[in-house]
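What follows is entry-v5.csv (CSV, C-alpha atoms and all ligand atoms).
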chain,number,residue,atom,x,y,z
A,1,MET,CA,113.8,134.9,103.9
A,2,SER,CA,115.8,132.8,101.5
A,3,LEU,CA,118.3,134.7,99.4
A,4,ASN,CA,117.7,132.4,96.4
A,5,VAL,CA,114.1,132.6,95.6
A,6,THR,CA,113.0,131.0,92.4
A,7,THR,CA,110.3,132.7,90.3
A,8,VAL,CA,108.4,130.7,87.7
A,9,HIS,CA,106.5,132.9,85.4
A,10,GLU,CA,103.8,131.3,83.1
A,11,SER,CA,102.6,133.0,80.0
A,12,THR,CA,100.7,132.2,76.9
A,13,ASN,CA,99.2,133.9,73.9
A,14,SER,CA,95.6,133.1,73.0
A,15,ASN,CA,96.5,129.9,71.1
A,16,PRO,CA,93.5,127.5,71.7
A,17,LYS,CA,95.8,124.5,71.8
A,18,GLY,CA,98.1,126.2,74.3
A,19,ARG,CA,101.1,125.3,72.2
A,20,ASP,CA,102.9,128.5,73.1
A,21,ARG,CA,102.4,128.1,76.8
A,22,ARG,CA,105.8,128.7,78.4
A,23,GLN,CA,107.3,128.8,81.8
A,24,THR,CA,110.2,131.2,82.5
A,25,ILE,CA,112.3,130.1,85.4
A,26,ASP,CA,114.5,132.9,86.9
A,27,LEU,CA,117.6,131.1,88.2
A,28,GLN,CA,118.8,134.4,89.7
A,29,ASN,CA,122.0,136.3,89.1
A,30,GLY,CA,121.4,136.6,85.4
A,31,SER,CA,120.6,132.9,84.6
A,32,GLU,CA,117.3,131.9,83.1
A,33,VAL,CA,115.5,128.9,81.6
A,34,VAL,CA,112.4,129.0,79.4
A,35,PHE,CA,110.4,125.8,79.1
A,36,VAL,CA,107.8,125.2,76.4
A,37,PRO,CA,106.3,121.8,77.1
A,38,ARG,CA,104.3,121.5,73.9
A,39,PHE,CA,106.5,123.4,71.4
A,40,LEU,CA,105.7,121.0,68.5
A,41,SER,CA,102.6,118.9,67.9
A,42,PHE,CA,102.6,115.2,68.7
A,43,GLU,CA,102.2,114.0,65.1
A,44,GLU,CA,104.7,116.4,63.6
A,45,SER,CA,107.2,115.4,66.3
A,46,TRP,CA,106.9,111.7,65.4
A,47,LYS,CA,107.5,112.6,61.7
A,48,TRP,CA,110.7,114.4,62.8
A,49,PHE,CA,111.7,111.6,65.1
A,50,ASP,CA,111.5,109.0,62.3
A,51,TYR,CA,113.4,111.2,59.9
A,52,LEU,CA,116.2,111.9,62.4
A,53,ASN,CA,116.4,108.3,63.6
A,54,LYS,CA,116.8,107.1,60.1
A,55,GLU,CA,118.7,109.8,58.2
A,56,ILE,CA,121.2,111.2,60.6
A,57,PRO,CA,124.7,109.6,60.4
A,58,TRP,CA,124.9,108.8,64.1
A,59,THR,CA,128.2,107.9,65.7
A,60,ARG,CA,129.2,106.8,69.2
A,61,PRO,CA,132.7,108.3,69.6
A,62,THR,CA,135.5,107.6,72.0
A,63,ILE,CA,136.0,110.5,74.3
A,64,ARG,CA,138.4,111.3,77.1
A,65,VAL,CA,137.0,111.8,80.6
A,66,PHE,CA,139.4,112.5,83.5
A,67,GLY,CA,142.3,111.3,81.4
A,68,ARG,CA,140.7,108.0,80.5
A,69,SER,CA,139.2,106.9,77.1
A,70,CYS,CA,135.6,105.7,77.0
A,71,LEU,CA,132.8,105.3,74.7
A,72,GLN,CA,130.4,108.3,74.8
A,73,PRO,CA,127.2,107.0,76.5
A,74,ARG,CA,125.0,108.1,73.6
A,75,ASP,CA,125.0,108.6,69.8
A,76,THR,CA,125.9,112.0,68.4
A,77,CYS,CA,126.1,114.1,65.3
A,78,TYR,CA,127.1,117.7,64.6
A,79,VAL,CA,125.7,120.2,62.0
A,80,ALA,CA,127.1,123.7,61.5
A,81,SER,CA,127.2,126.5,59.1
A,82,SER,CA,130.4,126.7,57.0
A,83,GLY,CA,133.4,128.7,58.1
A,84,LEU,CA,132.7,128.5,61.8
A,85,PRO,CA,135.5,127.7,64.3
A,86,VAL,CA,135.8,124.0,65.0
A,87,LEU,CA,134.0,122.5,68.0
A,88,GLY,CA,135.9,120.2,70.3
A,89,TYR,CA,134.9,118.6,73.6
A,90,SER,CA,136.4,115.8,75.8
A,91,GLY,CA,139.2,115.3,73.3
A,92,TYR,CA,136.8,114.8,70.4
A,93,GLN,CA,136.3,117.0,67.3
A,94,PRO,CA,133.0,116.0,65.5
A,95,HIS,CA,132.8,116.4,61.8
A,96,ALA,CA,130.6,119.3,60.9
A,97,TYR,CA,127.8,118.3,58.5
A,98,SER,CA,126.1,121.0,56.4
A,99,TRP,CA,122.5,122.1,57.0
A,100,ASP,CA,121.8,121.4,53.3
A,101,GLU,CA,122.3,117.6,53.9
A,102,PHE,CA,119.3,117.5,56.2
A,103,PRO,CA,116.6,119.8,54.9
A,104,LEU,CA,114.1,119.0,57.7
A,105,LEU,CA,116.6,120.4,60.3
A,106,LYS,CA,116.2,123.8,58.7
A,107,ASP,CA,112.4,123.6,59.4
A,108,ILE,CA,113.0,122.9,63.1
A,109,LEU,CA,115.6,125.7,63.2
A,110,GLU,CA,113.0,128.1,61.7
A,111,ALA,CA,110.4,127.1,64.3
A,112,VAL,CA,112.9,127.7,67.1
A,113,HIS,CA,113.9,131.1,65.7
A,114,LYS,CA,110.2,132.0,65.4
A,115,ALA,CA,109.6,131.1,69.1
A,116,PHE,CA,112.6,133.2,70.2
A,117,PRO,CA,112.8,136.3,68.0
A,118,GLY,CA,116.3,137.7,68.1
A,119,SER,CA,117.9,134.3,68.4
A,120,SER,CA,120.3,133.2,65.6
A,121,PHE,CA,121.6,129.7,66.0
A,122,ASN,CA,124.2,128.5,63.5
A,123,SER,CA,125.1,125.0,64.9
A,124,LEU,CA,123.4,122.0,66.2
A,125,LEU,CA,124.6,119.1,68.4
A,126,LEU,CA,122.3,116.1,68.1
A,127,ASN,CA,122.1,113.3,70.7
A,128,ARG,CA,120.4,109.9,70.6
A,129,TYR,CA,119.7,108.0,73.8
A,130,LYS,CA,118.9,104.4,72.8
A,131,GLY,CA,117.5,103.5,76.2
A,132,GLY,CA,117.7,104.3,79.9
A,133,ASN,CA,121.4,103.3,80.1
A,134,ASP,CA,122.4,106.1,77.7
A,135,TYR,CA,122.9,109.4,79.4
A,136,VAL,CA,124.8,112.7,79.6
A,137,GLY,CA,126.7,113.4,82.8
A,138,TRP,CA,126.9,116.7,84.7
A,139,HIS,CA,128.4,119.4,82.5
A,140,ALA,CA,128.1,123.0,81.3
A,141,ASP,CA,128.2,123.9,77.6
A,142,ASP,CA,130.7,126.6,78.4
A,143,GLU,CA,133.2,126.2,75.5
A,144,LYS,CA,134.9,129.5,74.6
A,145,LEU,CA,133.5,129.5,71.1
A,146,TYR,CA,130.0,130.1,72.4
A,147,GLY,CA,131.0,133.3,74.3
A,148,SER,CA,130.2,134.3,77.9
A,149,THR,CA,126.4,134.1,77.8
A,150,PRO,CA,125.4,131.3,75.3
A,151,GLU,CA,121.8,130.7,74.5
A,152,ILE,CA,121.0,127.0,73.9
A,153,ALA,CA,117.7,125.7,72.6
A,154,SER,CA,117.0,122.1,73.2
A,155,VAL,CA,114.2,120.2,71.4
A,156,SER,CA,113.3,116.6,72.4
A,157,PHE,CA,111.6,113.8,70.6
A,158,GLY,CA,110.6,110.3,71.6
A,159,CYS,CA,111.0,108.8,75.1
A,160,ASP,CA,110.5,111.2,78.1
A,161,ARG,CA,113.7,111.8,80.0
A,162,GLU,CA,114.5,113.8,83.1
A,163,PHE,CA,116.7,116.9,82.7
A,164,LEU,CA,118.4,118.2,85.8
A,165,LEU,CA,120.0,121.5,86.5
A,166,LYS,CA,122.2,122.1,89.5
A,167,LYS,CA,124.0,125.2,90.7
A,168,LYS,CA,127.8,125.1,90.6
A,169,PRO,CA,129.4,125.5,94.0
A,170,SER,CA,130.0,129.1,94.7
A,171,LYS,CA,133.7,130.2,94.6
A,172,ILE,CA,132.8,133.1,96.9
A,173,PRO,CA,132.5,132.0,100.6
A,174,GLN,CA,128.9,132.0,101.5
A,175,VAL,CA,127.6,133.6,104.7
A,176,GLN,CA,126.2,130.4,106.3
A,177,PRO,CA,123.7,129.6,103.5
A,178,ASN,CA,122.0,127.0,105.7
A,179,LYS,CA,121.8,129.3,108.6
A,180,ARG,CA,120.0,127.6,111.5
A,181,VAL,CA,116.5,128.9,112.2
A,182,GLU,CA,115.6,128.2,115.8
A,183,GLY,CA,113.2,125.3,116.0
A,184,GLU,CA,113.5,124.3,112.4
A,185,PRO,CA,114.3,120.6,111.8
A,186,PRO,CA,117.5,119.8,109.9
A,187,SER,CA,115.6,118.0,107.1
A,188,LYS,CA,113.7,121.2,106.3
A,189,ARG,CA,116.9,123.3,106.2
A,190,SER,CA,118.6,121.2,103.6
A,191,LYS,CA,115.4,121.0,101.5
A,192,LYS,CA,115.2,124.7,101.4
A,193,ASN,CA,118.6,124.8,99.7
A,194,SER,CA,117.9,122.0,97.3
A,195,GLN,CA,114.7,123.6,96.1
A,196,THR,CA,116.4,126.7,94.8
A,197,ASP,CA,119.7,125.2,93.7
A,198,GLN,CA,118.3,122.2,91.7
A,199,HIS,CA,115.6,122.0,89.1
A,200,SER,CA,114.1,119.0,87.3
A,201,PHE,CA,112.2,119.0,84.0
A,202,THR,CA,110.6,116.1,82.2
A,203,LEU,CA,111.5,116.7,78.6
A,204,LYS,CA,108.7,115.2,76.7
A,205,HIS,CA,108.2,114.5,73.0
A,206,GLY,CA,108.0,117.9,71.2
A,207,SER,CA,109.1,120.0,74.1
A,208,LEU,CA,111.6,122.8,74.0
A,209,LEU,CA,113.9,124.1,76.8
A,210,LEU,CA,116.0,127.2,76.4
A,211,MET,CA,118.9,128.1,78.7
A,212,ARG,CA,120.3,131.6,78.6
A,213,GLY,CA,122.2,134.3,80.4
A,214,TYR,CA,124.8,132.9,82.8
A,215,THR,CA,123.3,129.4,83.0
A,216,GLN,CA,126.4,127.7,81.5
A,217,ARG,CA,128.8,129.7,83.8
A,218,ASP,CA,126.9,129.2,87.0
A,219,TRP,CA,124.9,125.9,86.6
A,220,VAL,CA,125.6,122.3,85.3
A,221,HIS,CA,123.0,120.1,83.7
A,222,SER,CA,122.6,116.3,83.0
A,223,VAL,CA,120.2,113.7,81.7
A,224,PRO,CA,120.8,110.8,84.1
A,225,LYS,CA,120.4,107.1,83.5
A,226,ARG,CA,116.9,105.9,84.0
A,227,ALA,CA,116.1,102.2,84.2
A,228,LYS,CA,112.5,102.8,83.1
A,229,ALA,CA,113.3,104.8,80.0
A,230,ASP,CA,113.2,101.9,77.7
A,231,ALA,CA,112.7,103.6,74.3
A,232,THR,CA,114.8,105.9,72.1
A,233,ARG,CA,115.0,109.7,72.7
A,234,ILE,CA,116.5,112.2,70.3
A,235,ASN,CA,117.6,115.6,71.4
A,236,LEU,CA,118.7,118.6,69.4
A,237,THR,CA,120.6,121.4,71.0
A,238,PHE,CA,120.9,124.5,68.8
A,239,ARG,CA,123.8,126.9,69.6
A,240,ARG,CA,125.4,130.0,68.3
A,241,VAL,CA,129.2,129.8,67.6
A,242,LEU,CA,130.5,133.4,67.7
A,301,LIG,O1,119.7,115.6,75.9
A,301,LIG,C1,119.6,116.6,76.5
A,301,LIG,O2,118.5,117.0,76.8
A,301,LIG,C2,120.8,117.5,76.8
A,301,LIG,C3,122.0,117.3,75.9
A,301,LIG,C4,123.1,118.2,76.3
A,301,LIG,O3,123.1,118.7,77.4
A,301,LIG,C5,124.2,118.5,75.4
A,301,LIG,O4,124.2,118.0,74.3
A,301,LIG,O5,125.0,119.3,75.7
A,302,FE,FE,124.6,120.3,77.5
Could you express the structure from this file as structure tokens?
Ligand SMILES: O=C(O)CCC(=O)C(=O)O
Ligand SMILES: [Fe+2]
Amino acid sequence: MSLNVTTVHESTNSNPKGRDRRQTIDLQNGSEVVFVPRFLSFEESWKWFDYLNKEIPWTRPTIRVFGRSCLQPRDTCYVASSGLPVLGYSGYQPHAYSWDEFPLLKDILEAVHKAFPGSSFNSLLLNRYKGGNDYVGWHADDEKLYGSTPEIASVSFGCDREFLLKKKPSKIPQVQPNKRVEGEPPSKRSKKNSQTDQHSFTLKHGSLLLMRGYTQRDWVHSVPKRAKADATRINLTFRRVL
């Protein structure tokens, strides 16, 4: 038996459109992802896409990666409640805009809070991928200001993009994780590992993906370049600064 079994739990209330259908993916050891493929309706999502694309003061900052300056490979903007500690990442400190400047964002925030009672997000990092060359590399949103078990709700609009999750290498020596089973071909052995330590989601227009528990401590995520993704995608990640 594999030690790292993934359980996907599907649930829905009796909504005829299946809008609240969600998948809960137990990543084990206290990490969890909830995926709601049709969180927002198609029409409503286009209304929000157009608003965000036009009204948000997008910037493409210079950041520092491994000691070198480079242009962040996507547009960004940051919105946060007043009085919170300042966010900084990759040597960049985004200006914190106020929620009041973008009233529609409050409606999306309200919908997210309704879907996840008990959540209380107070900041939002927005990303705009102008095509398949724009991306976000492997990272974890494990900044100290989010605490040890940050909950991050990610809502997507526009072009479909693949979202990958990969387990961080364990610091504790493993007891032969790919232990040879007599007669099992090597291809099967490595696949077994990758099935449980990597996950892929297609984040479509109007979908929501929530990461919680120890997902930022134990996993990294990315939205890789995709030659076929030829249209703009906008992604909102709601977070709680402690
Ligand atoms: O665009 C996405 O789906 C992910 C964005 C992300 O990981 C981030 O902003 O930290
Ligand atoms: Fe992230």
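With CA of Thr59 (chain A) on one side and CA of Leu126 (chain A) on the other, the separation reads 10.4 Å.
Contact shell of Lys225 (chain A) at 9 Å (only C-alpha atoms; same-chain neighbours under 4 positions omitted): Gly131, Gly132, Asn133, Asp134, Tyr135, Val136, Gly137, Arg161, Glu162 and Ala229 of chain A.
Near ligand LIG 301 (chain A), at distances of 8 Å or less and with only C-alpha atoms and all ligand atoms counted, sit the residues Leu125, Leu126, Asn127, Arg128, Tyr129, Tyr135, Val136, His139, Ala140, Asp141, Ser154, Val155, Ser156, Arg161, Phe163, Leu203, His221, Ser222, Val223, Ile234, Asn235, Leu236 and Thr237 of chain A.
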In Å to one decimal, how far is CA of Asp218 (chain A) from CA of Lys166 (chain A)? 8.9 Å
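Residue nearest ligand FE 302 (chain A) within the list A:Thr232, A:Thr215, A:Ser207, A:Ser98: A:Thr215 [criterion: smallest interatomic distance, all atoms listed in the file].
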A:Leu165, A:Leu104, A:Val79, A:Val36: which is nearest Ser123 (chain A), counting all atoms listed in the file? A:Val79
Using all atoms listed in the file, which of A:Glu151, A:Glu110, A:Asp197, A:Glu32 sits nearest ligand FE 302 (chain A)? A:Glu151
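CA of Gly83 (chain A) is positioned 18.8 Å from CA of Leu109 (chain A).
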At a cut-off of 10 Å, using all atoms listed in the file, what residues contact region 90-92 of chain A? Leave out same-chain residues fewer than 5 positions from it and give the result as a list in words. Pro61, Thr62, Ile63, Arg64, Val65, Phe66, Gly67, Ser69 and Gln72 of chain A
Between A:Phe102, A:Gln216, A:Phe157, A:Thr76, single out the one closest to Glu43 (chain A), counting only C-alpha atoms. A:Phe157
Top pick for closest residue to ligand FE 302 (chain A), considering A:Ala153, A:Leu40, A:Ile56, A:Leu208 and counting only C-alpha atoms and all ligand atoms: A:Ala153
Identify the residues within 8 Å of coordinate (125.6, 129.5, 60.2) (same frame as the file), considering only C-alpha atoms, and give the answer as a ChimeraX atom specification. /A:80-82,84,121-123
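Each of A:Tyr146, A:Trp219, A:Tyr78, A:Phe238 was checked against Gln198 (chain A) using all atoms listed in the file; the smallest atom-to-atom distance is that of A:Trp219.
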Is there a way to get, as an MDAnalysis selection string, all residues within 6 Å of the point (125.3, 134.0, 77.9) in file coordinates, counting all atoms listed in the file? chainID A and resid 148:151 212:214
